[in-house]
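Novice: Below is the file run_22.txt, with compact mmCIF, C-alpha atoms.
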```
# COMPACT_ATOMS: atom_id res chain seq x y z
CA MET A 1 8.26 18.03 48.71
CA ASN A 2 4.95 16.16 48.84
CA ASN A 3 3.83 17.84 45.62
CA TRP A 4 7.10 16.88 43.93
CA ARG A 5 6.66 13.26 45.00
CA ALA A 6 3.08 13.23 43.78
CA ASN A 7 4.09 14.68 40.41
CA ASN A 8 6.99 12.24 40.09
CA SER A 9 4.71 9.32 40.93
CA SER A 10 2.21 10.52 38.33
CA ILE A 11 4.92 10.74 35.68
CA ASN A 12 6.19 7.26 36.50
CA SER A 13 2.66 5.86 36.38
CA ASN A 14 1.98 7.54 33.05
CA GLY A 15 5.27 6.21 31.68
CA THR A 16 4.38 2.71 32.79
CA ASP A 17 0.94 2.96 31.16
CA LEU A 18 2.50 4.09 27.88
CA THR A 19 5.04 1.27 28.01
CA ILE A 20 2.34 -1.34 28.56
CA GLY A 21 0.13 0.22 25.91
CA PHE A 22 2.76 0.44 23.18
CA THR A 23 4.20 -3.00 23.98
CA SER A 24 0.72 -4.51 23.71
CA SER A 25 0.21 -2.66 20.44
CA ALA A 26 3.48 -4.01 19.01
CA ILE A 27 2.56 -7.59 19.89
CA ALA A 28 -0.92 -7.14 18.42
CA VAL A 29 0.50 -5.69 15.20
CA PHE A 30 2.85 -8.61 14.63
CA LEU A 31 0.29 -11.31 15.46
CA PHE A 32 -2.52 -9.73 13.43
CA GLY A 33 -0.21 -9.55 10.44
CA THR A 34 0.88 -13.15 10.91
CA ASN A 35 -2.12 -15.11 12.17
CA PHE A 36 -3.40 -16.20 8.74
CA VAL A 37 0.04 -17.21 7.49
CA PRO A 38 -0.16 -20.81 8.82
CA VAL A 39 -3.32 -21.33 6.76
CA LYS A 40 -2.00 -19.93 3.48
CA LYS A 41 -0.65 -23.24 2.16
CA PHE A 42 -3.60 -25.40 3.20
CA ASP A 43 -6.91 -26.13 1.54
CA THR A 44 -9.72 -24.24 3.27
CA GLY A 45 -12.38 -24.59 0.58
CA ASP A 46 -15.17 -22.04 0.91
CA GLY A 47 -13.92 -21.05 4.37
CA MET A 48 -16.99 -21.90 6.43
CA PHE A 49 -15.46 -24.88 8.19
CA PHE A 50 -12.19 -23.01 8.67
CA GLN A 51 -13.83 -19.96 10.25
CA TRP A 52 -15.65 -22.17 12.74
CA ILE A 53 -12.37 -23.85 13.79
CA LEU A 54 -10.71 -20.42 14.06
CA CYS A 55 -13.50 -19.07 16.27
CA ALA A 56 -13.49 -22.17 18.47
CA ALA A 57 -9.80 -21.57 19.22
CA ILE A 58 -10.56 -17.90 19.91
CA TRP A 59 -13.23 -18.81 22.45
CA ILE A 60 -10.92 -21.26 24.25
CA VAL A 61 -8.35 -18.49 24.72
CA SER A 62 -11.07 -16.21 26.11
CA LEU A 63 -12.06 -18.91 28.59
CA VAL A 64 -8.49 -18.96 29.92
CA VAL A 65 -8.45 -15.16 30.14
CA ASN A 66 -11.78 -15.20 31.97
CA LEU A 67 -10.39 -17.58 34.59
CA ILE A 68 -7.27 -15.44 35.00
CA GLN A 69 -9.50 -12.38 35.49
CA ASN A 70 -11.53 -14.24 38.16
CA SER A 71 -14.66 -14.34 36.01
CA PRO A 72 -15.74 -10.66 35.89
CA ARG A 73 -19.37 -9.78 35.27
CA PHE A 74 -20.68 -10.94 31.89
CA TRP A 75 -22.32 -8.17 29.84
CA PRO A 76 -24.41 -9.59 26.96
CA LEU A 77 -24.09 -6.36 24.97
CA ALA A 78 -20.38 -7.04 24.57
CA MET A 79 -21.35 -10.16 22.59
CA VAL A 80 -22.77 -7.92 19.88
CA GLY A 81 -19.28 -6.70 19.05
CA GLY A 82 -18.15 -10.28 18.69
CA SER A 83 -21.09 -11.03 16.40
CA VAL A 84 -20.19 -8.07 14.21
CA TRP A 85 -16.60 -9.25 13.99
CA ALA A 86 -17.62 -12.84 13.15
CA THR A 87 -19.84 -11.54 10.35
CA GLY A 88 -16.88 -9.76 8.82
CA ASN A 89 -14.66 -12.77 9.40
CA ILE A 90 -16.61 -15.11 7.11
CA THR A 91 -15.32 -13.03 4.18
CA VAL A 92 -11.64 -13.64 4.96
CA VAL A 93 -11.09 -16.86 2.99
CA PRO A 94 -12.75 -15.51 -0.19
CA ILE A 95 -10.67 -12.36 0.16
CA VAL A 96 -7.41 -14.31 0.46
CA LYS A 97 -8.39 -16.48 -2.52
CA THR A 98 -9.32 -13.53 -4.75
CA ILE A 99 -6.75 -10.81 -4.01
CA GLY A 100 -4.25 -12.47 -1.67
CA LEU A 101 -3.34 -12.24 1.99
CA GLY A 102 -1.17 -9.11 1.74
CA LEU A 103 -3.46 -6.89 -0.32
CA GLY A 104 -6.60 -8.11 1.42
CA LEU A 105 -5.25 -7.29 4.87
CA LEU A 106 -3.99 -3.89 3.67
CA ILE A 107 -7.46 -2.91 2.49
CA TRP A 108 -9.51 -4.25 5.38
CA ALA A 109 -7.01 -2.85 7.89
CA SER A 110 -7.38 0.61 6.36
CA PHE A 111 -11.16 0.60 6.64
CA ASN A 112 -10.88 -0.97 10.08
CA LEU A 113 -8.68 1.95 11.09
CA LEU A 114 -10.96 4.62 9.66
CA THR A 115 -14.15 3.13 11.15
CA GLY A 116 -12.66 2.55 14.60
CA TRP A 117 -10.87 5.90 14.68
CA ALA A 118 -13.91 7.90 13.53
CA SER A 119 -16.33 6.18 15.93
CA SER A 120 -13.99 6.84 18.88
CA ARG A 121 -12.94 10.34 17.85
CA PHE A 122 -16.43 11.68 17.07
CA GLY A 123 -18.51 9.56 19.44
CA TRP A 124 -20.55 7.53 17.00
CA PHE A 125 -23.11 4.92 18.13
CA GLY A 126 -23.66 6.55 21.52
CA ILE A 127 -20.09 6.37 22.84
CA ASP A 128 -18.26 9.38 24.28
CA PRO A 129 -15.98 11.23 21.83
CA GLU A 130 -12.31 11.04 22.80
CA GLU A 131 -10.07 14.08 22.75
CA VAL A 132 -6.43 14.03 21.69
CA SER A 133 -3.67 16.48 22.67
CA LYS A 134 -2.74 17.23 19.04
CA PRO A 135 -5.86 16.84 16.87
CA ILE A 136 -4.18 18.20 13.74
CA LEU A 137 -1.65 15.38 13.74
CA ASN A 138 -4.48 12.94 14.43
CA TYR A 139 -6.40 14.18 11.39
CA ILE A 140 -3.28 14.08 9.23
CA GLY A 141 -2.75 10.46 10.19
CA ALA A 142 -6.35 9.60 9.25
CA GLY A 143 -5.91 11.44 5.95
CA LEU A 144 -2.78 9.48 5.15
CA SER A 145 -4.72 6.31 5.81
CA VAL A 146 -7.35 7.35 3.26
CA LEU A 147 -4.59 8.09 0.75
CA SER A 148 -2.93 4.73 1.38
CA THR A 149 -6.25 2.96 0.85
CA ILE A 150 -6.55 4.53 -2.61
CA ILE A 151 -2.97 3.51 -3.42
CA PHE A 152 -3.67 -0.08 -2.36
CA LEU A 153 -6.32 -0.33 -5.09
CA PHE A 154 -3.52 0.04 -7.66
CA VAL A 155 -1.54 -2.86 -6.27
CA LYS A 156 -1.52 -5.99 -8.39
CA SER A 157 -2.02 -9.24 -6.56
CA GLU A 158 -1.03 -12.59 -8.01
CA VAL A 159 -2.70 -15.37 -6.05
CA GLN A 160 -1.42 -18.88 -6.58
CA SER A 161 -3.89 -21.62 -7.31
CA SER A 162 -4.31 -24.33 -4.72
CA SER A 163 -2.47 -26.87 -6.89
CA THR A 164 0.50 -24.56 -7.23
CA SER A 165 0.61 -23.58 -3.59
CA LEU A 166 0.60 -27.20 -2.48
CA GLU A 167 3.78 -27.80 -4.50
CA ALA A 168 5.59 -25.17 -2.47
CA THR A 169 7.02 -25.86 0.96
CA PRO A 170 4.18 -25.30 3.46
CA LEU A 171 4.60 -23.12 6.53
CA LEU A 172 3.18 -25.99 8.57
CA ARG A 173 4.35 -29.42 7.38
CA GLU A 174 1.69 -31.56 5.73
CA SER A 175 1.59 -35.32 5.87
CA SER A 176 1.07 -37.28 2.67
CA VAL A 177 -2.37 -37.14 1.09
CA ASN A 178 -3.87 -40.33 -0.24
CA ASN A 179 -6.12 -40.64 -3.25
CA SER A 180 -9.33 -40.70 -1.23
CA GLU A 181 -8.46 -37.41 0.44
CA ASN A 182 -7.78 -35.77 -2.92
CA THR A 183 -11.47 -35.93 -3.69
CA CYS A 184 -11.90 -33.07 -1.21
CA SER A 185 -10.13 -30.50 -3.38
CA ASP A 186 -9.95 -26.78 -2.85
CA ALA A 187 -12.52 -26.06 -5.54
CA SER A 188 -14.95 -23.28 -4.67
CA TRP A 189 -17.03 -20.61 -6.36
CA VAL A 190 -14.00 -18.31 -6.31
CA ASP A 191 -12.07 -20.51 -8.74
CA SER A 192 -14.59 -19.95 -11.54
CA LEU A 193 -14.34 -16.15 -11.46
CA SER A 194 -12.47 -14.07 -14.04
CA PRO A 195 -9.45 -12.04 -12.83
CA LEU A 196 -11.43 -8.78 -12.98
CA ARG A 197 -14.35 -10.20 -10.99
CA LYS A 198 -11.95 -11.66 -8.45
CA ARG A 199 -10.41 -8.23 -7.95
CA VAL A 200 -13.75 -6.43 -7.66
CA ILE A 201 -15.29 -8.99 -5.31
CA GLY A 202 -12.10 -9.32 -3.24
CA CYS A 203 -11.70 -5.56 -2.75
CA THR A 204 -15.41 -5.11 -1.98
CA LEU A 205 -15.40 -7.88 0.61
CA ALA A 206 -12.21 -6.42 2.15
CA VAL A 207 -13.94 -3.03 2.53
CA VAL A 208 -17.00 -4.64 4.17
CA ALA A 209 -14.81 -6.71 6.47
CA GLY A 210 -12.86 -3.62 7.53
CA ILE A 211 -16.01 -1.69 8.42
CA PHE A 212 -17.33 -4.59 10.48
CA TYR A 213 -13.99 -5.08 12.21
CA GLY A 214 -13.78 -1.37 13.03
CA SER A 215 -17.22 -1.43 14.64
CA SER A 216 -16.60 -4.49 16.81
CA PHE A 217 -15.24 -2.55 19.82
CA VAL A 218 -18.18 -0.14 19.98
CA PRO A 219 -20.35 -2.21 22.41
CA VAL A 220 -17.48 -2.53 24.91
CA LEU A 221 -16.70 1.20 24.69
CA TYR A 222 -20.42 1.93 25.12
CA ILE A 223 -20.61 -0.16 28.30
CA LYS A 224 -17.48 1.48 29.72
CA ASP A 225 -18.66 5.01 28.93
CA HIS A 226 -22.11 4.45 30.46
CA GLY A 227 -20.53 2.65 33.40
CA ARG A 228 -19.08 6.00 34.50
CA ARG A 229 -22.54 7.58 34.62
CA ASN A 230 -25.13 7.34 37.35
CA GLY A 231 -28.58 5.93 36.75
CA THR A 232 -27.75 3.82 33.68
CA LEU A 233 -28.05 0.09 33.14
CA TYR A 234 -24.26 -0.15 33.07
CA THR A 235 -23.44 2.02 36.09
CA GLY A 236 -20.39 0.65 37.86
CA ALA A 237 -19.27 -1.50 34.92
CA SER A 238 -15.58 -2.37 34.85
CA GLN A 239 -13.27 0.13 33.17
CA PHE A 240 -10.64 -2.52 32.42
CA ASP A 241 -11.11 -3.66 28.83
CA LEU A 242 -9.79 -7.18 29.36
CA ASP A 243 -12.82 -7.92 31.57
CA TYR A 244 -14.98 -7.92 28.42
CA VAL A 245 -12.89 -10.40 26.43
CA PHE A 246 -14.93 -13.47 27.38
CA ALA A 247 -18.26 -11.89 26.43
CA HIS A 248 -16.83 -10.45 23.21
CA PHE A 249 -15.24 -13.74 22.16
CA SER A 250 -18.36 -15.69 23.16
CA GLY A 251 -20.28 -13.56 20.68
CA ILE A 252 -17.70 -14.48 18.05
CA PHE A 253 -18.00 -18.22 18.66
CA LEU A 254 -21.81 -18.22 18.95
CA THR A 255 -22.24 -16.28 15.71
CA SER A 256 -19.72 -18.38 13.80
CA THR A 257 -21.49 -21.54 14.99
CA ILE A 258 -24.84 -20.19 13.77
CA TYR A 259 -23.33 -19.38 10.37
CA PHE A 260 -21.77 -22.83 10.17
CA LEU A 261 -25.07 -24.55 11.03
CA ILE A 262 -26.86 -22.50 8.38
CA TYR A 263 -24.15 -23.51 5.93
CA CYS A 264 -24.62 -27.18 6.85
CA ALA A 265 -28.35 -26.85 6.26
CA VAL A 266 -27.83 -25.20 2.87
CA MET A 267 -25.37 -27.96 1.93
CA LYS A 268 -28.01 -30.56 2.96
CA ASN A 269 -25.87 -31.82 5.82
CA LYS A 270 -22.89 -32.40 3.52
CA PRO A 271 -20.53 -29.55 4.45
CA LYS A 272 -17.08 -29.38 2.89
CA VAL A 273 -14.80 -30.37 5.72
CA TYR A 274 -11.05 -30.03 5.29
CA PRO A 275 -9.27 -32.03 8.02
CA LYS A 276 -5.86 -30.60 7.17
CA ALA A 277 -7.15 -27.09 7.90
CA ILE A 278 -7.98 -27.94 11.52
CA LEU A 279 -4.54 -27.55 13.10
CA PRO A 280 -3.53 -24.46 11.05
CA GLY A 281 -6.95 -22.92 11.74
CA PHE A 282 -6.60 -23.56 15.44
CA VAL A 283 -3.13 -21.99 15.47
CA ALA A 284 -4.46 -18.98 13.55
CA GLY A 285 -7.28 -18.59 16.07
CA ILE A 286 -4.92 -18.68 19.04
CA LEU A 287 -2.64 -16.07 17.44
CA TRP A 288 -5.60 -13.84 16.66
CA ALA A 289 -7.06 -14.19 20.17
CA ILE A 290 -3.76 -13.23 21.81
CA ALA A 291 -3.44 -10.27 19.46
CA ASN A 292 -6.96 -9.08 20.25
CA CYS A 293 -6.37 -9.42 23.99
CA CYS A 294 -3.33 -7.18 23.53
CA TRP A 295 -5.57 -4.75 21.65
CA PHE A 296 -8.01 -4.66 24.58
CA ILE A 297 -5.06 -3.87 26.87
CA ALA A 298 -3.82 -1.17 24.51
CA ASN A 299 -7.30 0.40 24.44
CA HIS A 300 -7.18 0.65 28.22
CA TYR A 301 -3.72 2.18 28.54
CA LEU A 302 -3.63 4.33 25.38
CA SER A 303 -7.35 4.87 24.57
CA ALA A 304 -9.03 3.57 21.42
CA VAL A 305 -8.41 6.74 19.41
CA VAL A 306 -4.66 6.17 19.80
CA SER A 307 -4.51 2.36 19.64
CA PHE A 308 -6.70 2.00 16.55
CA PRO A 309 -4.39 3.79 14.08
CA ILE A 310 -1.38 1.85 15.39
CA ILE A 311 -2.86 -1.63 15.54
CA THR A 312 -4.87 -1.44 12.32
CA ALA A 313 -2.13 0.11 10.18
CA GLY A 314 0.78 -2.04 11.37
CA PRO A 315 -0.52 -5.53 10.41
CA GLY A 316 -0.83 -4.44 6.78
CA PHE A 317 2.90 -3.90 6.64
CA VAL A 318 3.61 -7.23 8.33
CA ALA A 319 1.23 -9.07 5.98
CA ALA A 320 2.71 -7.26 2.98
CA MET A 321 6.16 -8.50 3.98
CA TRP A 322 4.81 -12.05 4.11
CA GLY A 323 3.18 -11.51 0.72
CA VAL A 324 6.32 -10.06 -0.88
CA LEU A 325 9.06 -12.14 0.73
CA VAL A 326 7.36 -15.51 1.16
CA PHE A 327 4.34 -15.84 -1.11
CA LYS A 328 5.55 -13.56 -3.97
CA GLU A 329 1.98 -12.38 -4.50
CA ILE A 330 2.31 -8.57 -4.54
CA LYS A 331 3.62 -6.52 -7.46
CA VAL A 332 3.22 -2.80 -8.12
CA ILE A 333 1.47 -2.11 -11.41
CA LYS A 334 3.61 -0.16 -13.85
CA GLY A 335 1.97 1.95 -16.55
CA SER A 336 -1.59 0.75 -16.26
CA VAL A 337 -3.96 -1.33 -14.20
CA ASN A 338 -4.63 -4.78 -15.63
```
Please go through the file and, once you have read it, give me the structure as structure tokens.

Specialist:
Amino acid sequence: MNNWRANNSSINSNGTDLTIGFTSSAIAVFLFGTNFVPVKKFDTGDGMFFQWILCAAIWIVSLVVNLIQNSPRFWPLAMVGGSVWATGNITVVPIVKTIGLGLGLLIWASFNLLTGWASSRFGWFGIDPEEVSKPILNYIGAGLSVLSTIIFLFVKSEVQSSSTSLEATPLLRESSVNNSENTCSDASWVDSLSPLRKRVIGCTLAVVAGIFYGSSFVPVLYIKDHGRRNGTLYTGASQFDLDYVFAHFSGIFLTSTIYFLIYCAVMKNKPKVYPKAILPGFVAGILWAIANCCWFIANHYLSAVVSFPIITAGPGFVAAMWGVLVFKEIKVIKGSVN
């Protein structure tokens, strides 16, 4: 009888873990596929000011999470993952401007998936390799991701110019713009590129961003894995992923601030600031931060090798639906690639 109760309790606990894990994954998928939508209709210029606003909102969410978690120990190594993510993040605005939100997210999500899955599955960068109950199905899923990435390269993206997009109804209502504000137009180096160069640069940046995004969880996984061992610097470290959110997000904000200061110096203290991007950028940052917290939770209850394929593949579909149904920017090429 005692054994039966123990087994039943174990099954219930496992079922609860799976429920929490998959629910967190579903929330993360939707928010990751949606978080840049509020910004789509607003001028963001070269993206440097926007990324700093986004990362500031992300850090504020992490501060709230840290207080809820009763301020767990701060591990500086976890900041490295945030720095890696922030480095990939500075490419987002050029990607959206060159190949569009839908296609850009599809490509970077694919490489995010492959990098995160491979590092967790095979134990790259000093983390412990994770085993799965059905490795063949796991490999098939990774193979399908590679195939989908190749297919994405044959998707035609039509990105509206800033003047055209401003004529459409914005997702977040804009107030009237006076003549003095019009001097801060959405002109950037991207606008002078030919369609072919836009496609090449956009796809390349999306690949780089995906690799950086997929590597961002490695420091946290490293700390957790070495926390289970005796005689290491991280012995006794928390095994609950959400305890590393504040350090991870602090790395994001610190790195984005450094990049923004460098940008200000290069621009001779005359950065392109777009006031109307502040509120949408802040909303985008909050949505992203909540999604990433859900991802941390999913990593804990499902393991990274399971959560990565779900959370990195799903947002591409959500973003594609936004691109097809709302922005009308994705068309499948028929006959040949233009």

Novice: Counting all atoms listed in the file, which residues have an atom no more than 12 Å from (-18.7, -17.4, 18.8) in the file's coordinates? Please list them as a PDB file with C-alpha atoms, in the coordinates of the input.

Specialist:
```
ATOM      1  CA  GLN A  51     -13.830 -19.960  10.250  1.00  0.00           C
ATOM      2  CA  TRP A  52     -15.650 -22.170  12.740  1.00  0.00           C
ATOM      3  CA  ILE A  53     -12.370 -23.850  13.790  1.00  0.00           C
ATOM      4  CA  LEU A  54     -10.710 -20.420  14.060  1.00  0.00           C
ATOM      5  CA  CYS A  55     -13.500 -19.070  16.270  1.00  0.00           C
ATOM      6  CA  ALA A  56     -13.490 -22.170  18.470  1.00  0.00           C
ATOM      7  CA  ALA A  57      -9.800 -21.570  19.220  1.00  0.00           C
ATOM      8  CA  ILE A  58     -10.560 -17.900  19.910  1.00  0.00           C
ATOM      9  CA  TRP A  59     -13.230 -18.810  22.450  1.00  0.00           C
ATOM     10  CA  ILE A  60     -10.920 -21.260  24.250  1.00  0.00           C
ATOM     11  CA  VAL A  61      -8.350 -18.490  24.720  1.00  0.00           C
ATOM     12  CA  SER A  62     -11.070 -16.210  26.110  1.00  0.00           C
ATOM     13  CA  LEU A  63     -12.060 -18.910  28.590  1.00  0.00           C
ATOM     14  CA  ALA A  78     -20.380  -7.040  24.570  1.00  0.00           C
ATOM     15  CA  MET A  79     -21.350 -10.160  22.590  1.00  0.00           C
ATOM     16  CA  VAL A  80     -22.770  -7.920  19.880  1.00  0.00           C
ATOM     17  CA  GLY A  81     -19.280  -6.700  19.050  1.00  0.00           C
ATOM     18  CA  GLY A  82     -18.150 -10.280  18.690  1.00  0.00           C
ATOM     19  CA  SER A  83     -21.090 -11.030  16.400  1.00  0.00           C
ATOM     20  CA  VAL A  84     -20.190  -8.070  14.210  1.00  0.00           C
ATOM     21  CA  TRP A  85     -16.600  -9.250  13.990  1.00  0.00           C
ATOM     22  CA  ALA A  86     -17.620 -12.840  13.150  1.00  0.00           C
ATOM     23  CA  THR A  87     -19.840 -11.540  10.350  1.00  0.00           C
ATOM     24  CA  ASN A  89     -14.660 -12.770   9.400  1.00  0.00           C
ATOM     25  CA  VAL A 245     -12.890 -10.400  26.430  1.00  0.00           C
ATOM     26  CA  PHE A 246     -14.930 -13.470  27.380  1.00  0.00           C
ATOM     27  CA  ALA A 247     -18.260 -11.890  26.430  1.00  0.00           C
ATOM     28  CA  HIS A 248     -16.830 -10.450  23.210  1.00  0.00           C
ATOM     29  CA  PHE A 249     -15.240 -13.740  22.160  1.00  0.00           C
ATOM     30  CA  SER A 250     -18.360 -15.690  23.160  1.00  0.00           C
ATOM     31  CA  GLY A 251     -20.280 -13.560  20.680  1.00  0.00           C
ATOM     32  CA  ILE A 252     -17.700 -14.480  18.050  1.00  0.00           C
ATOM     33  CA  PHE A 253     -18.000 -18.220  18.660  1.00  0.00           C
ATOM     34  CA  LEU A 254     -21.810 -18.220  18.950  1.00  0.00           C
ATOM     35  CA  THR A 255     -22.240 -16.280  15.710  1.00  0.00           C
ATOM     36  CA  SER A 256     -19.720 -18.380  13.800  1.00  0.00           C
ATOM     37  CA  THR A 257     -21.490 -21.540  14.990  1.00  0.00           C
ATOM     38  CA  ILE A 258     -24.840 -20.190  13.770  1.00  0.00           C
ATOM     39  CA  TYR A 259     -23.330 -19.380  10.370  1.00  0.00           C
ATOM     40  CA  PHE A 260     -21.770 -22.830  10.170  1.00  0.00           C
ATOM     41  CA  GLY A 285      -7.280 -18.590  16.070  1.00  0.00           C
TER      42      GLY A 285
END
```

Novice: Contacts of Ala109 in chain A at 8 Å or less, counting all atoms listed in the file, minus same-chain residues fewer than 3 places along, as a list in words?

Specialist: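 My reading of the contact set: Leu105, Leu106, Asn112, Leu113, Gly210, Thr312, Ala313, Pro315 and Gly316 of chain A.
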
Novice: Near Gly236 in chain A, counting all atoms listed in the file, which residues have an atom at most 12 Å away, once you skip same-chain residues fewer than 4 positions from it, shown as an NGL selection string?

Specialist: :A and (73 or 223-232 or 240)

Novice: Could you tell me, as JSON, numbers by chain, which residues have any atom at most 12 Å from (-17.8, 6.0, 26.8), counting all atoms listed in the file?

Specialist: {"A": [119, 120, 121, 122, 123, 124, 125, 126, 127, 128, 129, 130, 131, 217, 218, 219, 220, 221, 222, 223, 224, 225, 226, 227, 228, 229, 234, 235, 237, 238, 239, 241, 300, 303, 304, 305]}

Novice: To one decimal in Å, tell me the separation between CA of Trp117 in chain A and CA of Ser25 in chain A.

Specialist: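 For CA of Trp117 in chain A relative to CA of Ser25 in chain A, the distance reads 15.1 Å.
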
Novice: Mind giving me the straight-line distance from CA of Leu205 in chain A to CA of Phe111 in chain A in Å, one decimal?

Specialist: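 Pair CA of Leu205 in chain A / CA of Phe111 in chain A returns 11.2 Å.
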
Novice: Which one is closest to Ser215 in chain A: A:Leu302, A:Val283, A:Gly116, A:Trp108? Count all atoms listed in the file.

Specialist: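 Residue with the minimum atom-to-atom distance to Ser215 in chain A: A:Gly116.
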
Novice: What does the distance between CA of Ser216 in chain A and CA of Gln69 in chain A come to in Å, to one decimal place?

Specialist: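 Here the two named atoms are 21.5 Å from each other.
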
Novice: So, with all atoms listed in the file as the atoms that count, which of A:Asn70, A:Thr19, A:Thr34, A:Ser110 lies closest to Trp322 in chain A?

Specialist: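 So, comparing all the options, the nearest one is A:Thr34.
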
Novice: Out of A:Val306, A:Leu261, A:Lys272, A:Pro195, which residue has the shortest atom-to-atom distance to Pro135 in chain A when counting all atoms listed in the file?

Specialist: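 With all atoms listed in the file as the atom set, the closest residue is A:Val306.
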
Novice: Pick the closest to Thr91 in chain A from A:Val146, A:Val208, A:Leu137, A:Leu196: which is it, counting only C-alpha atoms?

Specialist: A:Val208

Novice: Build an axis-aligned box that encloses every atom of range 57-62 of chain A listed in the file, pad it by 6 Å on each side, and report its centre and edge lengths in Å to one decimal, as JSON.

Specialist:
```
{"center_x": -10.8, "center_y": -18.9, "center_z": 22.7, "size_x": 16.9, "size_y": 17.4, "size_z": 18.9}
```

Novice: Complete the atom set of range 79-84 of chain A to all heavy atoms and return it as a PDB file, in the frame of the given file.

Specialist:
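Final output, out14.pdb:
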```
ATOM      1  N   MET A  79     -21.297  -9.089  23.586  1.00  0.00           N
ATOM      2  CA  MET A  79     -21.350 -10.160  22.590  1.00  0.00           C
ATOM      3  C   MET A  79     -21.689  -9.624  21.199  1.00  0.00           C
ATOM      4  O   MET A  79     -21.314 -10.237  20.186  1.00  0.00           O
ATOM      5  CB  MET A  79     -22.380 -11.212  22.998  1.00  0.00           C
ATOM      6  CG  MET A  79     -22.050 -11.970  24.271  1.00  0.00           C
ATOM      7  SD  MET A  79     -23.330 -13.191  24.682  1.00  0.00           S
ATOM      8  CE  MET A  79     -23.169 -14.335  23.312  1.00  0.00           C
ATOM      9  N   VAL A  80     -22.391  -8.486  21.174  1.00  0.00           N
ATOM     10  CA  VAL A  80     -22.770  -7.920  19.880  1.00  0.00           C
ATOM     11  C   VAL A  80     -21.531  -7.561  19.068  1.00  0.00           C
ATOM     12  O   VAL A  80     -21.479  -7.784  17.848  1.00  0.00           O
ATOM     13  CB  VAL A  80     -23.668  -6.675  20.076  1.00  0.00           C
ATOM     14  CG1 VAL A  80     -23.970  -6.005  18.737  1.00  0.00           C
ATOM     15  CG2 VAL A  80     -24.960  -7.057  20.787  1.00  0.00           C
ATOM     16  N   GLY A  81     -20.519  -7.020  19.740  1.00  0.00           N
ATOM     17  CA  GLY A  81     -19.280  -6.700  19.050  1.00  0.00           C
ATOM     18  C   GLY A  81     -18.631  -7.938  18.459  1.00  0.00           C
ATOM     19  O   GLY A  81     -18.110  -7.911  17.336  1.00  0.00           O
ATOM     20  N   GLY A  82     -18.684  -9.033  19.204  1.00  0.00           N
ATOM     21  CA  GLY A  82     -18.150 -10.280  18.690  1.00  0.00           C
ATOM     22  C   GLY A  82     -18.932 -10.788  17.490  1.00  0.00           C
ATOM     23  O   GLY A  82     -18.359 -11.311  16.531  1.00  0.00           O
ATOM     24  N   SER A  83     -20.252 -10.617  17.533  1.00  0.00           N
ATOM     25  CA  SER A  83     -21.090 -11.030  16.400  1.00  0.00           C
ATOM     26  C   SER A  83     -20.775 -10.224  15.155  1.00  0.00           C
ATOM     27  O   SER A  83     -20.730 -10.773  14.042  1.00  0.00           O
ATOM     28  CB  SER A  83     -22.580 -10.862  16.771  1.00  0.00           C
ATOM     29  OG  SER A  83     -22.930 -11.687  17.858  1.00  0.00           O
ATOM     30  N   VAL A  84     -20.555  -8.937  15.343  1.00  0.00           N
ATOM     31  CA  VAL A  84     -20.190  -8.070  14.210  1.00  0.00           C
ATOM     32  C   VAL A  84     -18.863  -8.521  13.608  1.00  0.00           C
ATOM     33  O   VAL A  84     -18.712  -8.616  12.385  1.00  0.00           O
ATOM     34  CB  VAL A  84     -20.120  -6.599  14.661  1.00  0.00           C
ATOM     35  CG1 VAL A  84     -19.515  -5.725  13.574  1.00  0.00           C
ATOM     36  CG2 VAL A  84     -21.505  -6.087  15.035  1.00  0.00           C
TER      37      VAL A  84
END
```
